[in-house]
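Engineer: Structure file final.txt (compact mmCIF, C-alpha atoms) is given on the next line.
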# COMPACT_ATOMS: atom_id res chain seq x y z
CA MET A 2 37.48 89.22 98.16
CA ARG A 3 39.17 91.34 100.77
CA HIS A 4 41.75 88.64 101.51
CA SER A 5 42.62 88.31 97.81
CA LYS A 6 43.31 92.07 97.55
CA VAL A 7 45.60 91.91 100.59
CA GLY A 8 47.47 88.98 99.10
CA LEU A 9 47.82 90.81 95.78
CA LEU A 10 49.27 93.85 97.54
CA ILE A 11 51.76 91.68 99.42
CA LEU A 12 52.88 90.01 96.18
CA LEU A 13 53.21 93.40 94.51
CA GLY A 14 55.32 94.69 97.42
CA LEU A 15 57.58 91.66 97.26
CA PHE A 16 58.00 92.11 93.51
CA LEU A 17 58.97 95.78 93.94
CA ALA A 18 61.42 94.85 96.70
CA VAL A 19 63.11 92.30 94.45
CA ILE A 20 63.33 94.84 91.60
CA LEU A 21 64.86 97.45 93.92
CA ALA A 22 67.34 94.93 95.30
CA LEU A 23 68.43 93.89 91.82
CA GLY A 24 68.77 97.54 90.84
CA TRP A 25 70.93 98.31 93.86
CA TRP A 26 73.08 95.23 93.22
CA ASN A 27 73.67 96.27 89.61
CA ARG A 28 73.76 100.03 90.23
CA GLU A 29 77.16 100.49 88.58
CA ALA A 30 76.04 98.86 85.33
CA LEU A 31 72.76 100.81 85.32
CA LEU A 32 74.56 104.08 85.98
CA ALA A 33 77.03 103.38 83.18
CA LEU A 34 74.11 102.56 80.87
CA ILE A 35 72.33 105.79 81.78
CA GLU A 36 75.50 107.82 81.20
CA SER A 37 76.37 106.17 77.87
CA PRO A 38 76.51 108.56 74.88
CA ALA A 39 73.05 109.42 73.64
CA PRO A 40 72.24 109.76 69.94
CA THR A 41 71.37 113.41 70.50
CA ASP A 42 74.99 114.10 71.63
CA GLN A 43 76.45 113.06 68.29
CA GLY A 44 75.79 116.43 66.71
CA ARG A 45 77.29 118.43 69.58
CA PRO A 46 80.95 119.43 69.85
CA PRO A 47 83.01 117.44 72.38
CA PRO A 48 82.92 118.88 75.92
CA LEU A 49 85.90 121.04 76.88
CA ILE A 50 87.65 119.64 79.96
CA GLU A 51 90.70 120.25 82.11
CA VAL A 52 92.83 117.39 83.40
CA ALA A 53 95.38 116.87 86.16
CA PRO A 54 97.80 114.00 86.78
CA VAL A 55 97.45 111.41 89.50
CA GLU A 56 100.36 112.28 91.81
CA ARG A 57 102.47 110.36 94.26
CA ALA A 58 102.95 112.13 97.58
CA GLU A 59 104.34 111.39 101.01
CA ILE A 60 102.03 111.89 103.97
CA GLN A 61 102.69 111.95 107.67
CA VAL A 62 100.59 109.96 110.12
CA ARG A 63 100.13 112.17 113.15
CA LEU A 64 98.84 111.83 116.70
CA GLN A 65 97.07 114.90 118.06
CA ALA A 66 97.26 116.10 121.67
CA THR A 67 97.08 119.31 123.69
CA GLY A 68 99.34 120.57 126.44
CA THR A 69 100.87 123.52 128.29
CA LEU A 70 104.34 124.98 127.94
CA LYS A 71 106.64 124.77 130.94
CA ALA A 72 110.01 126.37 131.51
CA ALA A 73 112.88 123.90 131.45
CA GLU A 74 114.17 125.45 134.69
CA THR A 75 112.40 127.77 137.14
CA VAL A 76 113.67 129.10 140.46
CA THR A 77 112.58 131.67 143.01
CA LEU A 78 115.50 133.91 143.92
CA THR A 79 115.86 134.38 147.70
CA ALA A 80 118.23 136.05 150.16
CA ARG A 81 120.70 133.84 152.05
CA SER A 82 121.85 136.49 154.54
CA ARG A 83 120.07 139.13 156.56
CA GLY A 84 120.62 142.63 155.23
CA ARG A 85 119.17 145.82 153.80
CA VAL A 86 118.78 146.20 150.00
CA GLU A 87 121.30 148.70 148.70
CA ALA A 88 120.60 148.43 144.94
CA VAL A 89 118.54 146.45 142.42
CA HIS A 90 120.28 145.78 139.11
CA PHE A 91 117.51 144.22 136.96
CA GLU A 92 114.32 145.24 135.20
CA GLU A 93 111.14 143.24 135.54
CA GLY A 94 110.58 140.91 132.58
CA SER A 95 114.11 141.36 131.24
CA GLU A 96 116.57 138.70 130.15
CA VAL A 97 119.52 138.11 132.45
CA SER A 98 122.68 136.04 132.05
CA LYS A 99 124.32 133.55 134.36
CA HIS A 100 126.33 135.13 137.25
CA GLN A 101 124.83 138.58 136.54
CA ALA A 102 124.51 140.62 139.75
CA LEU A 103 120.80 141.23 140.40
CA VAL A 104 120.58 142.60 143.97
CA LEU A 105 123.23 144.20 146.15
CA LEU A 106 122.85 144.22 149.95
CA GLU A 107 124.69 146.55 152.35
CA ARG A 108 128.25 145.24 152.76
CA LYS A 109 130.07 147.44 155.32
CA ARG A 110 129.48 145.24 158.36
CA ALA A 111 130.20 142.10 156.37
CA GLN A 112 133.46 143.59 155.07
CA ALA A 113 134.45 144.55 158.61
CA ALA A 114 133.70 141.03 159.80
CA VAL A 115 135.95 139.62 157.07
CA GLN A 116 138.78 141.96 158.06
CA GLU A 117 138.40 140.99 161.72
CA ALA A 118 138.43 137.29 160.84
CA ALA A 119 141.50 137.77 158.66
CA ALA A 120 143.33 139.51 161.52
CA ARG A 121 142.40 136.67 163.86
CA VAL A 122 143.76 134.14 161.34
CA ALA A 123 147.06 136.01 161.14
CA GLN A 124 147.35 136.28 164.93
CA THR A 125 146.68 132.59 165.59
CA ALA A 126 149.07 131.61 162.81
CA ARG A 127 151.90 133.62 164.40
CA GLN A 128 151.11 132.13 167.81
CA LEU A 129 151.16 128.62 166.39
CA ASP A 130 154.49 129.22 164.62
CA ARG A 131 156.08 130.50 167.87
CA LEU A 132 154.89 127.53 169.92
CA GLU A 133 156.03 125.03 167.28
CA THR A 134 159.51 126.63 167.38
CA LEU A 135 159.62 126.33 171.14
CA ASP A 136 158.35 122.78 170.98
CA ALA A 137 161.46 121.80 169.03
CA ASP A 138 163.51 122.66 172.17
CA ALA A 139 160.98 120.98 174.49
CA PHE A 140 160.00 124.26 176.13
CA VAL A 141 156.21 123.91 175.36
CA SER A 142 153.76 121.35 176.63
CA GLU A 143 151.74 119.22 174.25
CA THR A 144 148.53 120.75 175.63
CA GLU A 145 149.57 124.31 174.79
CA LEU A 146 150.52 123.26 171.28
CA GLU A 147 147.17 121.53 170.65
CA GLU A 148 145.27 124.58 171.92
CA ALA A 149 147.22 126.84 169.54
CA ARG A 150 146.50 124.56 166.60
CA ALA A 151 142.78 124.50 167.46
CA ALA A 152 142.65 128.29 167.74
CA ALA A 153 144.32 128.69 164.32
CA SER A 154 141.84 126.23 162.74
CA GLU A 155 138.88 127.98 164.36
CA ALA A 156 140.10 131.37 163.07
CA ARG A 157 140.39 130.07 159.52
CA ALA A 158 136.86 128.62 159.70
CA ALA A 159 135.48 131.94 160.97
CA TRP A 160 137.20 133.74 158.11
CA ARG A 161 135.62 131.40 155.53
CA VAL A 162 132.15 131.93 157.04
CA SER A 163 132.48 135.71 157.03
CA SER A 164 133.82 135.65 153.45
CA GLU A 165 130.84 133.58 152.26
CA ASP A 166 128.47 135.93 154.09
CA LEU A 167 130.06 138.87 152.24
CA ALA A 168 129.71 137.04 148.89
CA ASP A 169 126.03 136.24 149.62
CA ARG A 170 125.30 139.97 149.76
CA ILE A 171 125.58 140.01 145.98
CA ILE A 172 122.66 137.95 144.67
CA GLU A 173 123.44 136.57 141.19
CA ALA A 174 121.45 134.80 138.49
CA PRO A 175 122.13 131.03 138.63
CA PHE A 176 121.45 130.60 134.88
CA ASP A 177 120.42 132.50 131.75
CA GLY A 178 116.72 133.26 131.72
CA LEU A 179 113.80 135.65 131.95
CA ILE A 180 113.27 137.34 135.30
CA GLY A 181 109.76 137.95 136.59
CA ARG A 182 108.10 140.58 138.77
CA ARG A 183 110.29 142.28 141.37
CA LEU A 184 109.14 141.56 144.94
CA ILE A 185 111.53 143.87 146.81
CA SER A 186 112.59 147.54 146.76
CA PRO A 187 115.80 149.38 147.69
CA GLY A 188 115.94 149.96 151.44
CA ALA A 189 113.93 146.85 152.31
CA LEU A 190 115.31 144.60 155.05
CA LEU A 191 115.69 141.05 153.75
CA GLU A 192 115.65 137.97 155.91
CA PRO A 193 117.12 134.64 154.82
CA GLY A 194 114.68 132.84 152.51
CA MET A 195 112.72 135.97 151.54
CA ALA A 196 111.65 135.89 147.85
CA ILE A 197 113.16 138.46 145.50
CA ALA A 198 111.86 137.45 142.04
CA SER A 199 111.30 134.36 139.87
CA LEU A 200 113.74 133.33 137.15
CA SER A 201 112.78 131.00 134.28
CA ARG A 202 114.81 129.54 131.43
CA THR A 203 112.65 130.12 128.33
CA ALA A 204 115.01 128.78 125.68
CA PRO A 205 114.32 125.93 125.30
CA LEU A 206 110.76 125.34 126.54
CA ASP A 207 109.06 122.02 127.30
CA LEU A 208 105.53 121.07 126.23
CA LEU A 209 103.83 118.51 128.47
CA LEU A 210 101.41 116.24 126.58
CA ASP A 211 99.11 113.35 127.46
CA VAL A 212 98.34 110.81 124.71
CA PRO A 213 96.27 107.60 124.84
CA GLY A 214 98.17 104.72 126.36
CA ASN A 215 97.39 102.48 123.39
CA ALA A 216 99.71 104.68 121.28
CA LEU A 217 102.73 103.59 123.32
CA ALA A 218 104.17 101.44 120.52
CA LYS A 219 104.16 104.43 118.13
CA ILE A 220 105.94 106.90 120.43
CA GLU A 221 109.69 107.28 120.84
CA THR A 222 112.12 110.05 121.68
CA GLY A 223 113.34 112.16 118.78
CA GLN A 224 110.02 112.16 116.92
CA GLN A 225 108.98 115.43 115.28
CA VAL A 226 106.28 117.51 116.98
CA ILE A 227 104.43 120.32 115.19
CA ALA A 228 102.47 122.65 117.47
CA THR A 229 100.25 125.73 117.21
CA THR A 230 98.96 128.19 119.79
CA PRO A 231 96.12 130.74 119.73
CA ALA A 232 98.70 133.41 120.61
CA TYR A 233 100.26 133.01 117.12
CA PRO A 234 97.49 131.49 114.97
CA GLN A 235 99.43 131.86 111.70
CA GLN A 236 102.66 130.24 112.92
CA ARG A 237 103.71 126.63 113.44
CA PHE A 238 106.43 125.62 115.90
CA GLU A 239 108.57 122.52 115.49
CA GLY A 240 110.05 120.49 118.33
CA ARG A 241 111.14 116.98 119.27
CA VAL A 242 109.99 114.40 121.81
CA THR A 243 112.61 114.41 124.56
CA PHE A 244 110.90 112.35 127.28
CA VAL A 245 108.44 109.45 127.37
CA ALA A 246 107.02 108.47 130.76
CA PRO A 247 108.07 104.96 131.86
CA GLU A 248 104.48 103.97 132.68
CA VAL A 249 100.86 104.65 131.72
CA ALA A 250 98.74 106.47 134.33
CA GLU A 251 96.31 104.00 135.89
CA ASN A 252 93.49 106.48 136.50
CA THR A 253 93.44 108.06 133.02
CA ARG A 254 95.17 105.37 130.89
CA THR A 255 97.26 108.11 129.28
CA LEU A 256 100.96 108.39 128.59
CA THR A 257 102.83 111.57 129.50
CA LEU A 258 105.27 113.00 126.97
CA GLU A 259 107.59 115.98 126.94
CA ALA A 260 108.43 117.81 123.71
CA THR A 261 111.18 120.42 123.63
CA PHE A 262 111.11 123.59 121.49
CA ASP A 263 114.24 125.70 120.93
CA ASN A 264 112.35 129.02 121.25
CA ALA A 265 115.47 130.94 120.25
CA ASP A 266 113.41 134.06 119.53
CA HIS A 267 111.67 133.86 122.96
CA ARG A 268 108.23 134.29 121.37
CA LEU A 269 106.75 131.41 123.35
CA LYS A 270 106.14 131.90 127.06
CA PRO A 271 105.64 129.38 129.88
CA GLY A 272 101.97 128.65 130.50
CA LEU A 273 100.82 128.97 126.87
CA PHE A 274 98.29 126.39 125.69
CA MET A 275 99.32 124.52 122.54
CA THR A 276 97.82 121.95 120.18
CA ALA A 277 100.48 119.50 119.02
CA GLU A 278 100.72 116.80 116.38
CA LEU A 279 103.29 114.01 116.73
CA VAL A 280 104.58 112.59 113.45
CA THR A 281 104.45 108.84 114.13
CA ASP A 282 104.81 107.47 110.59
CA ARG A 283 105.32 108.40 106.91
CA ARG A 284 103.90 106.67 103.84
CA GLU A 285 103.36 107.24 100.12
CA ILE A 286 99.90 107.70 98.58
CA LEU A 287 98.25 108.47 95.25
CA ARG A 288 96.26 111.69 95.27
CA VAL A 289 94.10 113.73 92.90
CA PRO A 290 92.55 117.21 93.16
CA GLU A 291 89.36 117.20 95.22
CA ALA A 292 87.39 118.62 92.27
CA ALA A 293 87.95 115.38 90.32
CA VAL A 294 86.07 113.12 92.75
CA ILE A 295 82.29 112.79 92.27
CA ALA A 296 80.28 111.35 95.16
CA GLN A 297 77.01 109.54 94.40
CA GLY A 298 75.45 107.96 97.45
CA PRO A 299 77.88 105.56 99.11
CA THR A 300 80.17 105.41 96.06
CA ASN A 301 82.80 107.73 94.57
CA HIS A 302 83.98 107.88 90.99
CA LEU A 303 86.00 110.08 88.67
CA PHE A 304 86.64 110.36 84.95
CA VAL A 305 89.99 109.11 83.69
CA LEU A 306 91.41 110.27 80.39
CA ASP A 307 92.01 107.26 78.16
CA SER A 308 95.29 107.12 76.29
CA GLN A 309 94.98 108.39 72.74
CA ASP A 310 97.14 108.45 69.59
CA ALA A 311 98.28 111.67 67.99
CA ASP A 312 95.48 111.60 65.39
CA SER A 313 92.66 110.01 67.45
CA GLN A 314 89.95 111.66 69.56
CA ALA A 315 90.46 111.76 73.33
CA ARG A 316 87.85 109.95 75.40
CA VAL A 317 87.14 109.62 79.10
CA ARG A 318 86.37 106.55 81.17
CA ARG A 319 84.15 106.56 84.25
CA GLN A 320 86.16 104.91 87.01
CA PRO A 321 84.81 103.93 90.47
CA VAL A 322 87.42 104.64 93.16
CA GLN A 323 87.96 104.27 96.88
CA THR A 324 89.11 107.38 98.70
CA GLY A 325 91.17 107.96 101.82
CA ILE A 326 92.13 111.16 103.58
CA ARG A 327 91.23 114.64 102.33
CA ARG A 328 93.47 117.62 102.95
CA ASP A 329 94.38 120.96 101.38
CA GLY A 330 92.21 120.38 98.28
CA TRP A 331 93.58 116.88 97.63
CA VAL A 332 91.99 113.43 98.01
CA GLU A 333 93.84 110.17 98.55
CA ILE A 334 92.85 107.41 96.11
CA THR A 335 93.39 103.97 97.63
CA ARG A 336 92.00 101.95 94.71
CA GLY A 337 90.93 102.60 91.13
CA VAL A 338 93.72 104.65 89.47
CA SER A 339 97.46 104.47 88.89
CA ALA A 340 100.18 107.11 89.01
CA ASP A 341 100.55 107.34 85.21
CA GLU A 342 96.94 108.40 84.55
CA ARG A 343 95.23 111.79 84.19
CA VAL A 344 91.82 112.68 85.63
CA VAL A 345 89.24 115.33 84.73
CA VAL A 346 89.06 118.26 87.16
CA ALA A 347 86.84 120.72 85.23
CA GLY A 348 84.03 120.34 82.67
CA LEU A 349 82.40 117.36 84.38
CA GLN A 350 78.77 118.36 83.73
CA ARG A 351 78.30 116.68 80.31
CA LEU A 352 80.65 113.74 80.79
CA ARG A 353 79.56 110.12 80.34
CA ASP A 354 81.47 106.90 80.16
CA GLY A 355 83.31 106.69 76.83
CA ILE A 356 82.38 110.14 75.57
CA ALA A 357 84.78 112.06 73.31
CA VAL A 358 86.26 115.21 74.85
CA GLN A 359 88.43 118.18 73.98
CA ILE A 360 91.24 118.92 76.44
CA LYS A 361 91.92 122.53 77.31
CA ASP A 362 95.63 123.46 76.85
CA ASP A 363 96.51 119.80 76.30
CA PRO A 364 100.32 119.51 75.94
CA GLN A 365 99.99 116.34 73.83
CA ARG A 366 97.53 117.96 71.41
CA GLN A 367 99.70 121.08 71.06
CA SER A 368 102.79 118.98 70.31
CA THR A 369 101.06 117.46 67.26
CA GLN A 370 100.15 120.87 65.85
CA SER A 371 103.60 122.50 65.80
CA PRO A 372 107.01 121.45 67.06
CA ALA A 373 107.63 125.02 68.15
CA SER A 374 104.66 124.86 70.50
CA LYS A 375 106.04 121.90 72.47
CA ARG A 376 106.42 122.60 76.19
CA LYS A 377 106.58 120.72 79.43
CA PRO A 378 103.41 120.25 81.51
CA ASP A 379 103.17 122.47 84.55
CA GLU A 380 104.73 120.94 87.61
CA HIS A 381 102.92 121.15 90.93
CA THR A 382 104.86 121.97 94.07
CA GLU A 383 103.15 121.44 97.38
CA PRO A 384 103.31 124.56 99.59
CA ALA A 385 105.88 124.19 102.31
CA HIS A 386 103.56 125.88 104.83
CA PRO A 387 99.85 125.14 104.27
CA SER A 388 97.15 127.09 105.98
CA PRO A 389 97.06 126.32 109.73
CA GLY A 390 93.30 125.84 109.51
CA SER A 391 93.52 122.94 107.04
CA SER A 392 92.96 119.40 108.28
CA SER A 393 91.87 116.03 107.00
CA ASP A 394 88.13 115.33 106.76
CA SER A 395 88.53 112.28 108.92
CA SER A 396 90.05 114.34 111.72
CA ALA A 397 87.70 117.35 111.76
CA GLY A 398 86.65 118.04 115.32
CA ALA A 399 88.81 115.16 116.55
CA PRO A 400 89.46 115.01 120.32
CA ALA A 401 92.95 115.16 121.72
CA GLY A 402 94.88 112.01 120.98
CA LEU A 403 93.05 111.12 117.74
CA GLU A 404 95.43 109.76 115.11
CA GLN A 405 95.21 111.34 111.71
CA ALA A 406 97.11 111.45 108.45
CA THR A 407 98.33 114.77 107.08
CA GLN A 408 100.40 116.06 104.19
CA GLY A 409 104.00 114.88 104.34
CA ASP A 410 105.56 117.97 102.80
CA SER A 411 103.77 120.27 105.21
CA PRO A 412 105.61 121.41 108.35
Could you render the structure as structure tokens?

Structural biologist:
Amino acid sequence: MRHSKVGLLILLGLFLAVILALGWWNREALLALIESPAPTDQGRPPPLIEVAPVERAEIQVRLQATGTLKAAETVTLTARSRGRVEAVHFEEGSEVSKHQALVLLERKRAQAAVQEAAARVAQTARQLDRLETLDADAFVSETELEEARAAASEARAAWRVSSEDLADRIIEAPFDGLIGRRLISPGALLEPGMAIASLSRTAPLDLLLDVPGNALAKIETGQQVIATTPAYPQQRFEGRVTFVAPEVAENTRTLTLEATFDNADHRLKPGLFMTAELVTDRREILRVPEAAVIAQGPTNHLFVLDSQDADSQARVRRQPVQTGIRRDGWVEITRGVSADERVVVAGLQRLRDGIAVQIKDDPQRQSTQSPASKRKPDEHTEPAHPSPGSSSDSSAGAPAGLEQATQGDSP
């Protein structure tokens, strides 16, 4: 008796499993049957809905990475000659131009040395001229003439050295840039090689990035780079890839890139951390407002407005769809709708497959009532600068280097 009860329970379990499997296999048909118009709905007015068109849009496929800004050129200004600081002609943190005098050393001794060398040059030149005149009459030996020539050459070399030493006592900026903290003061005695201040070129700036090595085929110079930084959370900065490393690092399997930003307003500073997105591809998609997509378990569907004549009642059709990326309130539809259709975005609560509906502010319905009421449907324009916090669902919390697709008309 006990064994027969166990067998009955097993058979009952198998029967329920088969029923559940058949139900899951035919879930779409069952759901459509459940949502078919009920006899009790015939006396109710049609639900009021709002619709939106299925739009074509261009998206950008992006590769995400993080990096640090570096100055295109950086140098530490130093003294080339020994001398005491007479004047400092720059302010810390200020912008300086190429060849601008920054530090002036005492020049009296150097000027005297130049004058002495110039006098020596003149004296040796006169001596050489006199001996060469005498040599024409064979009154001077060849040895005396060679010694005079050597003395004149040595005097000219000494004059050039003293002149360069005098010029080195004015320390100039080698290029346009931003000067850092001053490390000297007037009256200080400088020795050759002693640091004075740092000078960095901040326009343009370079952003060093590391991306996965398997993205090598998608990277090339000239590609657009869009970057953000916590220092300016509401602003996006646009640059271009200017350098791609010739090899992938063996220890990390990453590829080093360099993106250049104009930084004409000098808002960005070297050392800032930035999150960058490289635009590696562009493609067209079909998209609908996110409110139109209804998720039920593993499936998604929406309600499509069926085409109707001027005198007929509008109806909706339940349409299973496959979705792609989500961003800025839009959802990509990869299968299930076409670009010439309209979908329901509001009033979804009472909708069933094939039910009659009333469209709120429907341009087609208004055109049949009065020719004077005819107007064009509202056109949607994608914002040129979406919120910096927006991102695709598939890329939320993505680590550096994760490829993602984003809106093509966004910066």

Engineer: Figure out the distance between CA of Thr203 (chain A) and CA of Ala73 (chain A), please, to one decimal in Å.

Structural biologist: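 Spanning CA of Ala73 (chain A) to CA of Thr203 (chain A) is a straight-line distance of 7.0 Å.
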
Engineer: Using all atoms listed in the file for the distances, tell me which of A:Ser95, A:Ser82, A:Gln65, A:Thr222 is nearest to Glu107 (chain A).

Structural biologist: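 Under the stated criterion, the closest residue is A:Ser82.
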
Engineer: I'd like the neighbourhood of region 141-147 of chain A as a tab-separated table (two decimals) with C-alpha atoms, in the frame of the given file, where a residue qualifies if any of its atoms comes within 10 Å (using all atoms listed in the file), though same-chain residues fewer than 4 positions away should be ignored.

Structural biologist:
chain	number	residue	atom	x	y	z
A	128	GLN	CA	151.11	132.13	167.81
A	129	LEU	CA	151.16	128.62	166.39
A	130	ASP	CA	154.49	129.22	164.62
A	131	ARG	CA	156.08	130.50	167.87
A	132	LEU	CA	154.89	127.53	169.92
A	133	GLU	CA	156.03	125.03	167.28
A	134	THR	CA	159.51	126.63	167.38
A	135	LEU	CA	159.62	126.33	171.14
A	136	ASP	CA	158.35	122.78	170.98
A	137	ALA	CA	161.46	121.80	169.03
A	151	ALA	CA	142.78	124.50	167.46
A	152	ALA	CA	142.65	128.29	167.74
A	153	ALA	CA	144.32	128.69	164.32

Engineer: So, counting all atoms listed in the file, which residue among A:Glu93, A:Glu291, A:Glu148, A:Glu56 is closest to Thr324 (chain A)?

Structural biologist: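 Distance minimum relative to Thr324 (chain A) lands on A:Glu291.
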
Engineer: Rounded to one decimal place, report the CA of Ala340 (chain A)-CA of Asp282 (chain A) distance in Å.

Structural biologist: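 So the two atoms, CA of Ala340 (chain A) and CA of Asp282 (chain A), lie 22.1 Å apart.
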
Engineer: Determine, for each residue of region 67-154 of chain A having at least one atom at most 10 Å from an atom of region 193-197 of chain A, the closest pair of atoms and their separation in Å to one decimal, counting only C-alpha atoms; order by chain and ascending number, as JSON lines.

Structural biologist:
{"residue": "A:Thr77", "atom": "CA", "partner": "A:Ala196", "partner_atom": "CA", "distance": 6.5}
{"residue": "A:Leu78", "atom": "CA", "partner": "A:Ile197", "partner_atom": "CA", "distance": 5.4}
{"residue": "A:Thr79", "atom": "CA", "partner": "A:Ala196", "partner_atom": "CA", "distance": 4.5}
{"residue": "A:Ala80", "atom": "CA", "partner": "A:Pro193", "partner_atom": "CA", "distance": 5.0}
{"residue": "A:Arg81", "atom": "CA", "partner": "A:Pro193", "partner_atom": "CA", "distance": 4.6}
{"residue": "A:Ser82", "atom": "CA", "partner": "A:Pro193", "partner_atom": "CA", "distance": 5.1}
{"residue": "A:Arg83", "atom": "CA", "partner": "A:Pro193", "partner_atom": "CA", "distance": 5.6}
{"residue": "A:Gly84", "atom": "CA", "partner": "A:Pro193", "partner_atom": "CA", "distance": 8.7}
{"residue": "A:Leu103", "atom": "CA", "partner": "A:Ile197", "partner_atom": "CA", "distance": 9.6}
{"residue": "A:Val104", "atom": "CA", "partner": "A:Ile197", "partner_atom": "CA", "distance": 8.6}

Engineer: Go ahead and save the residues from that selection, with C-alpha atoms, as a PDB file, in the frame of the given file.

Structural biologist:
ATOM      1  CA  THR A  77     112.580 131.670 143.010  1.00  0.00           C
ATOM      2  CA  LEU A  78     115.500 133.910 143.920  1.00  0.00           C
ATOM      3  CA  THR A  79     115.860 134.380 147.700  1.00  0.00           C
ATOM      4  CA  ALA A  80     118.230 136.050 150.160  1.00  0.00           C
ATOM      5  CA  ARG A  81     120.700 133.840 152.050  1.00  0.00           C
ATOM      6  CA  SER A  82     121.850 136.490 154.540  1.00  0.00           C
ATOM      7  CA  ARG A  83     120.070 139.130 156.560  1.00  0.00           C
ATOM      8  CA  GLY A  84     120.620 142.630 155.230  1.00  0.00           C
ATOM      9  CA  LEU A 103     120.800 141.230 140.400  1.00  0.00           C
ATOM     10  CA  VAL A 104     120.580 142.600 143.970  1.00  0.00           C
TER      11      VAL A 104
END

Engineer: Rounded to one decimal place, report the CA of Glu74 (chain A)-CA of Thr243 (chain A) distance in Å.

Structural biologist: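 Going from CA of Glu74 (chain A) over to CA of Thr243 (chain A), I get 15.1 Å.
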
Engineer: Counting all atoms listed in the file, which residues have an atom no more than 8 Å from (111.6, 125.0, 121.7) in the file's coordinates? Please list them as number ranges by chain.

Structural biologist: A: 204-207, 238-240, 261-265
